[in-house]
Amino acid sequence: MKKMWVILILAITLRLFLAFSTFHPDIQTFNLAGKVVSSGNILNLYDFLPSLSDDNPIKNTAVFNYPPAIYFFHGVFNFLFNLLGLPVNQFLQDFPSNYGNMLFNLHLLLLKIPYLIFDLLTGFILFKLFSDKKKQELALILWLFNPINLYASYMMGQFDIIPTFFALLSIYFVAKNKLNLAAISLGVGIAFKLYPLFLVVPLIILGRNFQERIKLIILSLVPYFATMLPYLPSHNFRSVALFTNQSSKSLYAQISVSGGESIIIFPALLIVFYLIIFTSREKFITWKIYSIPLFLFFIFTHFHPQWLIWLTPFFILEVVSNRYKNTLAISLIFISFLGSLFFFDPSLTIGLFAPIFPSLHSTMSIWEIMNIKIDYNYSRSLLQTIFAGSLTYLIYQYFPRRVPDED
């Protein structure tokens with residue numbers, strides 16, 4: 001037990017250091033939204049920035065294009081930090097001039113530290129999903145030091161750890177045969193990001209009858225609609241947050257049938273998968289069936305780097321449950337993901353450390369630094385092929401078949 005406490009302290013220290021020393025411009029949106037919400041602009045959240053005069057310096061600082069739940073989240077912590085007199089409302093503009101200022105680093109730490117709550121809770125749920133002590137400790141250690149979570153939550157400052165936690169919590173409640181709570185957990189996750197919506201069908205097939213399945217659908221959707229309904233009258237909300245380009249990225253991959261007609265691959269395969277599990281009489285492992293829709297999504301979507309955290313708990317469950325059987329496939333997924341980062345803007349890699357090394361703010365890409373001419377599109381395609389092939393292999397491994405009871 002003492003060893004685990006030491007590991008936990010080391011893991012938290014690493015998180016605090018990364019949160020303090022790294023910056024990505026996207027975090028400005030959450031900073032500004034937190035300030036707007038905590039100042040009382042709740043029901044007019046999506047109309048606040050457009051209503052400002054054109055000469056207002058914060059008008060074009062950010063776009064509120066996420067569901068309201070994440071902005072409420074940052075609003076609550078902004079309000080609490082202000083009560084404590086902590087600096088959470090400075091540095092909204094002209095951040096490069098503040099590199100090297102320790103107050104700016106403290107500001108970054110305060111913006112990211114709320115994610116630690118859901119981060120540690122995710123590790124706890126992974127721990128509780130196993131009964132064997134060694135497996136519990138291994139699952140927790142793999143979570144605490146997995147680089148994808150560290151990168152997404154504490155370097156980029158993105159909030160994907162929150163829906164990730166609620167998706168995993170749903171699996172935990174299924175294991176405890178608490179389907180209503182599992183549905184509500186998915187619903188809260190959907191309120192932050194839409195992707196847990198893909199997991200609703202794998203959940204509702206566990207219902208004993210038609211009435212229970214309808215109840216599970218309703219419980220899965222209530223949190224989402226409860227947070228969205230107050231903003232539906234807002235044109236800015238409907239045009240910017242309700243229907244965004246990010247939501248449609250999974251629909252780009254298509255097979256042409258005629259000049260004006262195509263088969264959209266991801267939803268087509270998703271329907272096939274849903275029909276298979278809906279009609280299957282075989283027992284299946286919940287976390288594996290939850291993972292397949294997400295694997296399909298990533299195969300056919302040009303995804304943002306932070307999204308891979310959605311899959312990370314499933315990879316840990318795979319490694320621990322199957323005793324490293326499919327480690328090669330997971331290693332290829334990680335390597336291809338890591339490689340793909342260097343074909344984005346440098347602000348997603350070495351530029352993240354500009355707060356402590358200001359010269360990195362305007363740094364060239366690693367390929368320009370090394371004077372290597374490289375075909376970005378071909379390289380990305382090659383890495384995505386490796387990534388997709390490895391996920392396809394895991395889908396084959398996870399398809400419903402006769403299996404022993406869950407651990």
# chains A, B, ... in the order shown; residues from 1 in each chain; ligands from 1
$ residues_around --residues "stretch 81-86 of chain A" --least-positions-apart "4" --cutoff "9 Å" --atoms "only C-alpha atoms" --output "PDB file with C-alpha atoms, in the first residue's frame"
ATOM      1  CA  VAL A  76     -17.818  26.876 -11.373  1.00  0.00           C
ATOM      2  CA  PHE A  77     -14.065  26.630 -10.847  1.00  0.00           C
ATOM      3  CA  LEU A 106       0.134  29.549 -12.232  1.00  0.00           C
ATOM      4  CA  HIS A 107      -2.801  30.607 -14.387  1.00  0.00           C
ATOM      5  CA  LEU A 110      -5.404  26.594 -12.235  1.00  0.00           C
TER       6      LEU A 110
END
$ select_by_dssp --residues "stretch 131-378 of chain A" --states "helix (DSSP H, G or I)" --output "number ranges by chain"
A: 133-144, 147-155, 161-175, 179-192, 195-204, 210-231, 235-242, 246-251, 265-279, 286-299, 305-310, 312-321, 327-341, 346-348, 350-353, 358-362, 366-369, 376-378
$ residues_around --residues "stretch 388-393 of chain A" --least-positions-apart "4" --cutoff "12 Å" --atoms "only C-alpha atoms" --output "tab-separated table (two decimals) with all heavy atoms, in the first residue's frame"
chain	number	residue	atom	x	y	z
A	291	SER	N	-16.14	-0.77	-26.86
A	291	SER	CA	-14.98	-0.24	-27.59
A	291	SER	C	-15.15	-0.31	-29.10
A	291	SER	O	-14.61	0.54	-29.82
A	291	SER	CB	-13.71	-0.99	-27.18
A	291	SER	OG	-13.75	-2.34	-27.62
A	292	ILE	N	-15.89	-1.28	-29.61
A	292	ILE	CA	-15.97	-1.48	-31.06
A	292	ILE	C	-16.54	-0.27	-31.80
A	292	ILE	O	-15.98	0.16	-32.82
A	292	ILE	CB	-16.74	-2.77	-31.39
A	292	ILE	CG1	-15.91	-3.99	-30.98
A	292	ILE	CG2	-17.08	-2.85	-32.88
A	292	ILE	CD1	-16.60	-5.33	-31.18
A	293	PRO	N	-17.65	0.34	-31.36
A	293	PRO	CA	-18.13	1.55	-32.07
A	293	PRO	C	-17.09	2.66	-32.10
A	293	PRO	O	-16.97	3.38	-33.10
A	293	PRO	CB	-19.36	1.97	-31.26
A	293	PRO	CG	-19.81	0.74	-30.57
A	293	PRO	CD	-18.57	-0.03	-30.26
A	294	LEU	N	-16.32	2.80	-31.02
A	294	LEU	CA	-15.30	3.84	-30.98
A	294	LEU	C	-14.14	3.49	-31.91
A	294	LEU	O	-13.58	4.38	-32.57
A	294	LEU	CB	-14.79	4.03	-29.55
A	294	LEU	CG	-15.86	4.43	-28.52
A	294	LEU	CD1	-15.22	4.69	-27.16
A	294	LEU	CD2	-16.63	5.65	-28.98
A	295	PHE	N	-13.78	2.22	-31.98
A	295	PHE	CA	-12.73	1.80	-32.92
A	295	PHE	C	-13.15	2.13	-34.35
A	295	PHE	O	-12.36	2.64	-35.15
A	295	PHE	CB	-12.46	0.31	-32.79
A	295	PHE	CG	-11.76	-0.10	-31.52
A	295	PHE	CD1	-11.59	-1.44	-31.20
A	295	PHE	CD2	-11.28	0.85	-30.63
A	295	PHE	CE1	-10.95	-1.83	-30.04
A	295	PHE	CE2	-10.64	0.47	-29.46
A	295	PHE	CZ	-10.47	-0.86	-29.16
A	296	LEU	N	-14.40	1.83	-34.69
A	296	LEU	CA	-14.91	2.14	-36.03
A	296	LEU	C	-14.85	3.64	-36.30
A	296	LEU	O	-14.48	4.08	-37.40
A	296	LEU	CB	-16.34	1.63	-36.19
A	296	LEU	CG	-16.53	0.12	-36.27
A	296	LEU	CD1	-18.00	-0.23	-36.22
A	296	LEU	CD2	-15.90	-0.44	-37.55
A	297	PHE	N	-15.21	4.42	-35.31
A	297	PHE	CA	-15.17	5.88	-35.45
A	297	PHE	C	-13.76	6.35	-35.78
A	297	PHE	O	-13.55	7.14	-36.71
A	297	PHE	CB	-15.66	6.52	-34.16
A	297	PHE	CG	-15.50	8.02	-34.12
A	297	PHE	CD1	-16.47	8.85	-34.66
A	297	PHE	CD2	-14.38	8.60	-33.53
A	297	PHE	CE1	-16.33	10.23	-34.63
A	297	PHE	CE2	-14.22	9.98	-33.50
A	297	PHE	CZ	-15.20	10.79	-34.05
A	298	PHE	N	-12.77	5.88	-35.04
A	298	PHE	CA	-11.40	6.34	-35.25
A	298	PHE	C	-10.83	5.85	-36.57
A	298	PHE	O	-9.99	6.54	-37.17
A	298	PHE	CB	-10.52	5.89	-34.08
A	298	PHE	CG	-10.58	6.81	-32.90
A	298	PHE	CD1	-11.59	6.67	-31.95
A	298	PHE	CD2	-9.65	7.82	-32.73
A	298	PHE	CE1	-11.65	7.52	-30.86
A	298	PHE	CE2	-9.71	8.68	-31.64
A	298	PHE	CZ	-10.72	8.53	-30.70
A	299	ILE	N	-11.24	4.70	-37.03
A	299	ILE	CA	-10.75	4.18	-38.31
A	299	ILE	C	-11.14	5.10	-39.45
A	299	ILE	O	-10.35	5.34	-40.38
A	299	ILE	CB	-11.26	2.75	-38.54
A	299	ILE	CG1	-10.56	1.77	-37.59
A	299	ILE	CG2	-11.05	2.31	-40.00
A	299	ILE	CD1	-11.15	0.38	-37.61
A	300	PHE	N	-12.35	5.64	-39.39
A	300	PHE	CA	-12.88	6.40	-40.53
A	300	PHE	C	-12.99	7.90	-40.26
A	300	PHE	O	-13.75	8.59	-40.93
A	300	PHE	CB	-14.26	5.84	-40.91
A	300	PHE	CG	-14.20	4.43	-41.42
A	300	PHE	CD1	-14.64	3.38	-40.63
A	300	PHE	CD2	-13.68	4.15	-42.67
A	300	PHE	CE1	-14.57	2.07	-41.08
A	300	PHE	CE2	-13.61	2.85	-43.14
A	300	PHE	CZ	-14.06	1.81	-42.34
A	301	THR	N	-12.23	8.40	-39.29
A	301	THR	CA	-12.31	9.80	-38.94
A	301	THR	C	-10.92	10.42	-38.82
A	301	THR	O	-10.02	9.82	-38.23
A	301	THR	CB	-13.05	9.99	-37.60
A	301	THR	OG1	-14.34	9.37	-37.68
A	301	THR	CG2	-13.23	11.47	-37.27
A	302	HIS	N	-10.75	11.62	-39.38
A	302	HIS	CA	-9.53	12.39	-39.13
A	302	HIS	C	-9.71	13.05	-37.76
A	302	HIS	O	-10.36	14.09	-37.63
A	302	HIS	CB	-9.33	13.44	-40.22
A	302	HIS	CG	-8.16	14.34	-39.96
A	302	HIS	ND1	-6.86	13.89	-40.00
A	302	HIS	CD2	-8.09	15.66	-39.65
A	302	HIS	CE1	-6.03	14.90	-39.73
A	302	HIS	NE2	-6.76	15.98	-39.52
A	311	LEU	N	-10.12	6.13	-25.97
A	311	LEU	CA	-9.81	4.71	-26.11
A	311	LEU	C	-8.85	4.19	-25.05
A	311	LEU	O	-8.74	2.98	-24.86
A	311	LEU	CB	-9.19	4.44	-27.49
A	311	LEU	CG	-10.00	4.83	-28.73
A	311	LEU	CD1	-9.26	4.40	-29.99
A	311	LEU	CD2	-11.39	4.22	-28.69
A	314	PHE	N	-9.81	1.51	-22.53
A	314	PHE	CA	-10.04	0.22	-23.18
A	314	PHE	C	-8.72	-0.49	-23.47
A	314	PHE	O	-8.62	-1.72	-23.34
A	314	PHE	CB	-10.83	0.40	-24.48
A	314	PHE	CG	-12.20	0.98	-24.27
A	314	PHE	CD1	-12.47	2.30	-24.59
A	314	PHE	CD2	-13.23	0.21	-23.73
A	314	PHE	CE1	-13.73	2.85	-24.39
A	314	PHE	CE2	-14.49	0.74	-23.52
A	314	PHE	CZ	-14.74	2.06	-23.85
A	315	PHE	N	-7.70	0.27	-23.85
A	315	PHE	CA	-6.39	-0.33	-24.08
A	315	PHE	C	-5.82	-0.90	-22.78
A	315	PHE	O	-5.21	-1.97	-22.77
A	315	PHE	CB	-5.42	0.70	-24.66
A	315	PHE	CG	-5.78	1.19	-26.04
A	315	PHE	CD1	-5.39	2.45	-26.47
A	315	PHE	CD2	-6.50	0.39	-26.92
A	315	PHE	CE1	-5.72	2.90	-27.74
A	315	PHE	CE2	-6.84	0.83	-28.19
A	315	PHE	CZ	-6.44	2.09	-28.60
A	326	ASN	N	-2.45	-8.78	-26.89
A	326	ASN	CA	-2.56	-7.91	-28.06
A	326	ASN	C	-1.72	-6.64	-27.91
A	326	ASN	O	-2.04	-5.60	-28.48
A	326	ASN	CB	-4.02	-7.54	-28.31
A	326	ASN	CG	-4.86	-8.76	-28.66
A	326	ASN	OD1	-4.47	-9.58	-29.49
A	326	ASN	ND2	-6.02	-8.89	-28.03
A	327	THR	N	-0.63	-6.76	-27.16
A	327	THR	CA	0.22	-5.60	-26.92
A	327	THR	C	0.83	-5.06	-28.20
A	327	THR	O	1.02	-3.84	-28.35
A	327	THR	CB	1.34	-5.96	-25.91
A	327	THR	OG1	0.75	-6.47	-24.72
A	327	THR	CG2	2.18	-4.75	-25.58
A	328	LEU	N	1.14	-5.93	-29.15
A	328	LEU	CA	1.74	-5.47	-30.41
A	328	LEU	C	0.79	-4.53	-31.14
A	328	LEU	O	1.21	-3.47	-31.63
A	328	LEU	CB	2.08	-6.67	-31.30
A	328	LEU	CG	2.67	-6.32	-32.68
A	328	LEU	CD1	3.95	-5.50	-32.53
A	328	LEU	CD2	2.94	-7.60	-33.48
A	329	ALA	N	-0.48	-4.89	-31.21
A	329	ALA	CA	-1.46	-4.04	-31.89
A	329	ALA	C	-1.58	-2.69	-31.18
A	329	ALA	O	-1.61	-1.63	-31.83
A	329	ALA	CB	-2.81	-4.73	-31.95
A	330	ILE	N	-1.62	-2.72	-29.87
A	330	ILE	CA	-1.75	-1.47	-29.11
A	330	ILE	C	-0.48	-0.63	-29.25
A	330	ILE	O	-0.54	0.60	-29.34
A	330	ILE	CB	-2.06	-1.78	-27.63
A	330	ILE	CG1	-3.46	-2.40	-27.53
A	330	ILE	CG2	-1.97	-0.53	-26.77
A	330	ILE	CD1	-3.84	-2.85	-26.16
A	331	SER	N	0.67	-1.29	-29.30
A	331	SER	CA	1.92	-0.56	-29.50
A	331	SER	C	1.94	0.15	-30.85
A	331	SER	O	2.38	1.30	-30.97
A	331	SER	CB	3.11	-1.51	-29.39
A	331	SER	OG	3.18	-2.09	-28.11
A	332	LEU	N	1.44	-0.54	-31.89
A	332	LEU	CA	1.38	0.08	-33.22
A	332	LEU	C	0.43	1.27	-33.22
A	332	LEU	O	0.69	2.29	-33.87
A	332	LEU	CB	0.94	-0.96	-34.25
A	332	LEU	CG	1.96	-2.04	-34.60
A	332	LEU	CD1	1.34	-3.08	-35.52
A	332	LEU	CD2	3.19	-1.42	-35.27
A	333	ILE	N	-0.67	1.15	-32.50
A	333	ILE	CA	-1.62	2.26	-32.39
A	333	ILE	C	-0.95	3.47	-31.74
A	333	ILE	O	-1.05	4.60	-32.22
A	333	ILE	CB	-2.86	1.84	-31.58
A	333	ILE	CG1	-3.69	0.83	-32.38
A	333	ILE	CG2	-3.70	3.04	-31.18
A	333	ILE	CD1	-4.76	0.14	-31.57
A	334	PHE	N	-0.24	3.21	-30.66
A	334	PHE	CA	0.42	4.31	-29.95
A	334	PHE	C	1.52	4.93	-30.80
A	334	PHE	O	1.65	6.17	-30.88
A	334	PHE	CB	1.00	3.81	-28.62
A	334	PHE	CG	1.81	4.84	-27.90
A	334	PHE	CD1	1.20	5.91	-27.27
A	334	PHE	CD2	3.19	4.76	-27.88
A	334	PHE	CE1	1.95	6.88	-26.63
A	334	PHE	CE2	3.94	5.73	-27.24
A	334	PHE	CZ	3.33	6.78	-26.61
A	335	ILE	N	2.34	4.11	-31.45
A	335	ILE	CA	3.44	4.63	-32.26
A	335	ILE	C	2.92	5.46	-33.43
A	335	ILE	O	3.44	6.54	-33.74
A	335	ILE	CB	4.33	3.47	-32.77
A	335	ILE	CG1	5.07	2.83	-31.59
A	335	ILE	CG2	5.33	3.96	-33.82
A	335	ILE	CD1	5.77	1.53	-31.95
A	336	SER	N	1.86	4.98	-34.09
A	336	SER	CA	1.30	5.73	-35.22
A	336	SER	C	0.68	7.04	-34.74
A	336	SER	O	0.78	8.08	-35.41
A	336	SER	CB	0.27	4.89	-35.96
A	336	SER	OG	-0.80	4.50	-35.11
A	337	PHE	N	0.05	7.01	-33.56
A	337	PHE	CA	-0.51	8.24	-32.99
A	337	PHE	C	0.61	9.23	-32.67
A	337	PHE	O	0.52	10.42	-33.02
A	337	PHE	CB	-1.31	7.92	-31.73
A	337	PHE	CG	-1.56	9.11	-30.85
A	337	PHE	CD1	-2.52	10.05	-31.20
A	337	PHE	CD2	-0.84	9.30	-29.68
A	337	PHE	CE1	-2.76	11.15	-30.39
A	337	PHE	CE2	-1.06	10.39	-28.88
A	337	PHE	CZ	-2.03	11.33	-29.22
A	380	ARG	N	0.93	11.03	-43.27
A	380	ARG	CA	-0.27	10.89	-42.43
A	380	ARG	C	-1.09	9.68	-42.85
A	380	ARG	O	-1.61	8.94	-42.01
A	380	ARG	CB	-1.12	12.15	-42.54
A	380	ARG	CG	-0.61	13.35	-41.76
A	380	ARG	CD	-1.45	14.57	-42.07
A	380	ARG	NE	-1.10	15.72	-41.25
A	380	ARG	CZ	-1.52	16.95	-41.48
A	380	ARG	NH1	-2.33	17.18	-42.50
A	380	ARG	NH2	-1.16	17.94	-40.70
A	381	SER	N	-1.21	9.48	-44.15
A	381	SER	CA	-1.99	8.35	-44.66
A	381	SER	C	-1.36	7.02	-44.24
A	381	SER	O	-2.07	6.08	-43.87
A	381	SER	CB	-2.09	8.42	-46.18
A	381	SER	OG	-2.77	9.59	-46.59
A	382	LEU	N	-0.06	6.96	-44.29
A	382	LEU	CA	0.64	5.74	-43.89
A	382	LEU	C	0.42	5.45	-42.41
A	382	LEU	O	0.12	4.31	-42.02
A	382	LEU	CB	2.13	5.87	-44.19
A	382	LEU	CG	3.02	4.68	-43.82
A	382	LEU	CD1	2.58	3.43	-44.59
A	382	LEU	CD2	4.49	4.99	-44.09
A	383	LEU	N	0.56	6.48	-41.58
A	383	LEU	CA	0.36	6.30	-40.15
A	383	LEU	C	-1.09	5.93	-39.83
A	383	LEU	O	-1.35	5.08	-38.97
A	383	LEU	CB	0.75	7.57	-39.40
A	383	LEU	CG	2.25	7.89	-39.39
A	383	LEU	CD1	2.50	9.29	-38.88
A	383	LEU	CD2	3.01	6.87	-38.54
A	384	GLN	N	-2.04	6.57	-40.52
A	384	GLN	CA	-3.45	6.24	-40.31
A	384	GLN	C	-3.75	4.81	-40.75
A	384	GLN	O	-4.59	4.14	-40.14
A	384	GLN	CB	-4.35	7.23	-41.06
A	384	GLN	CG	-5.84	6.97	-40.93
A	384	GLN	CD	-6.38	7.13	-39.51
A	384	GLN	OE1	-5.69	7.66	-38.64
A	384	GLN	NE2	-7.61	6.68	-39.28
A	397	GLN	N	-10.89	-9.35	-32.79
A	397	GLN	CA	-10.69	-10.07	-31.54
A	397	GLN	C	-11.88	-9.90	-30.59
A	397	GLN	O	-12.19	-10.80	-29.81
A	397	GLN	CB	-9.42	-9.56	-30.84
A	397	GLN	CG	-8.13	-9.89	-31.56
A	397	GLN	CD	-7.81	-11.36	-31.51
A	397	GLN	OE1	-8.04	-12.04	-30.50
A	397	GLN	NE2	-7.28	-11.90	-32.60
A	398	TYR	N	-12.56	-8.78	-30.67
A	398	TYR	CA	-13.59	-8.46	-29.70
A	398	TYR	C	-15.00	-8.86	-30.12
A	398	TYR	O	-15.93	-8.75	-29.32
A	398	TYR	CB	-13.60	-6.95	-29.40
A	398	TYR	CG	-12.39	-6.44	-28.68
A	398	TYR	CD1	-12.23	-5.07	-28.44
A	398	TYR	CD2	-11.40	-7.30	-28.22
A	398	TYR	CE1	-11.13	-4.58	-27.77
A	398	TYR	CE2	-10.29	-6.82	-27.56
A	398	TYR	CZ	-10.15	-5.46	-27.34
A	398	TYR	OH	-9.06	-4.97	-26.68
A	399	PHE	N	-15.18	-9.28	-31.36
A	399	PHE	CA	-16.54	-9.55	-31.82
A	399	PHE	C	-17.21	-10.61	-30.94
A	399	PHE	O	-16.54	-11.51	-30.43
A	399	PHE	CB	-16.55	-9.97	-33.28
A	399	PHE	CG	-17.31	-9.01	-34.14
A	399	PHE	CD1	-16.77	-7.77	-34.48
A	399	PHE	CD2	-18.59	-9.29	-34.57
A	399	PHE	CE1	-17.47	-6.87	-35.25
A	399	PHE	CE2	-19.31	-8.40	-35.33
A	399	PHE	CZ	-18.76	-7.19	-35.68
$ closest_residue --among "A:Ala19, A:Leu168, A:Leu394, A:Ile350" --to "A:Phe124" --atoms "only C-alpha atoms"
A:Leu168
$ residues_around --residues "A:Phe30" --least-positions-apart "2" --cutoff "10 Å" --atoms "only C-alpha atoms" --output "list in words"
Asp26, Ile27, Gln28, Leu32, Ala33, Gly34, Lys35, Val36, Ala62, Val63, Phe64, Tyr66, Ile70, Tyr71, Phe72, Phe73, His74, Gly75, Asn78, Leu111, Lys112, Gly157, Gln158 and Phe159 of chain A
$ closest_residue --among "A:Asn44, A:Pro313, A:Glu282, A:Thr29" --to "A:Ile125" --atoms "only C-alpha atoms"
A:Pro313
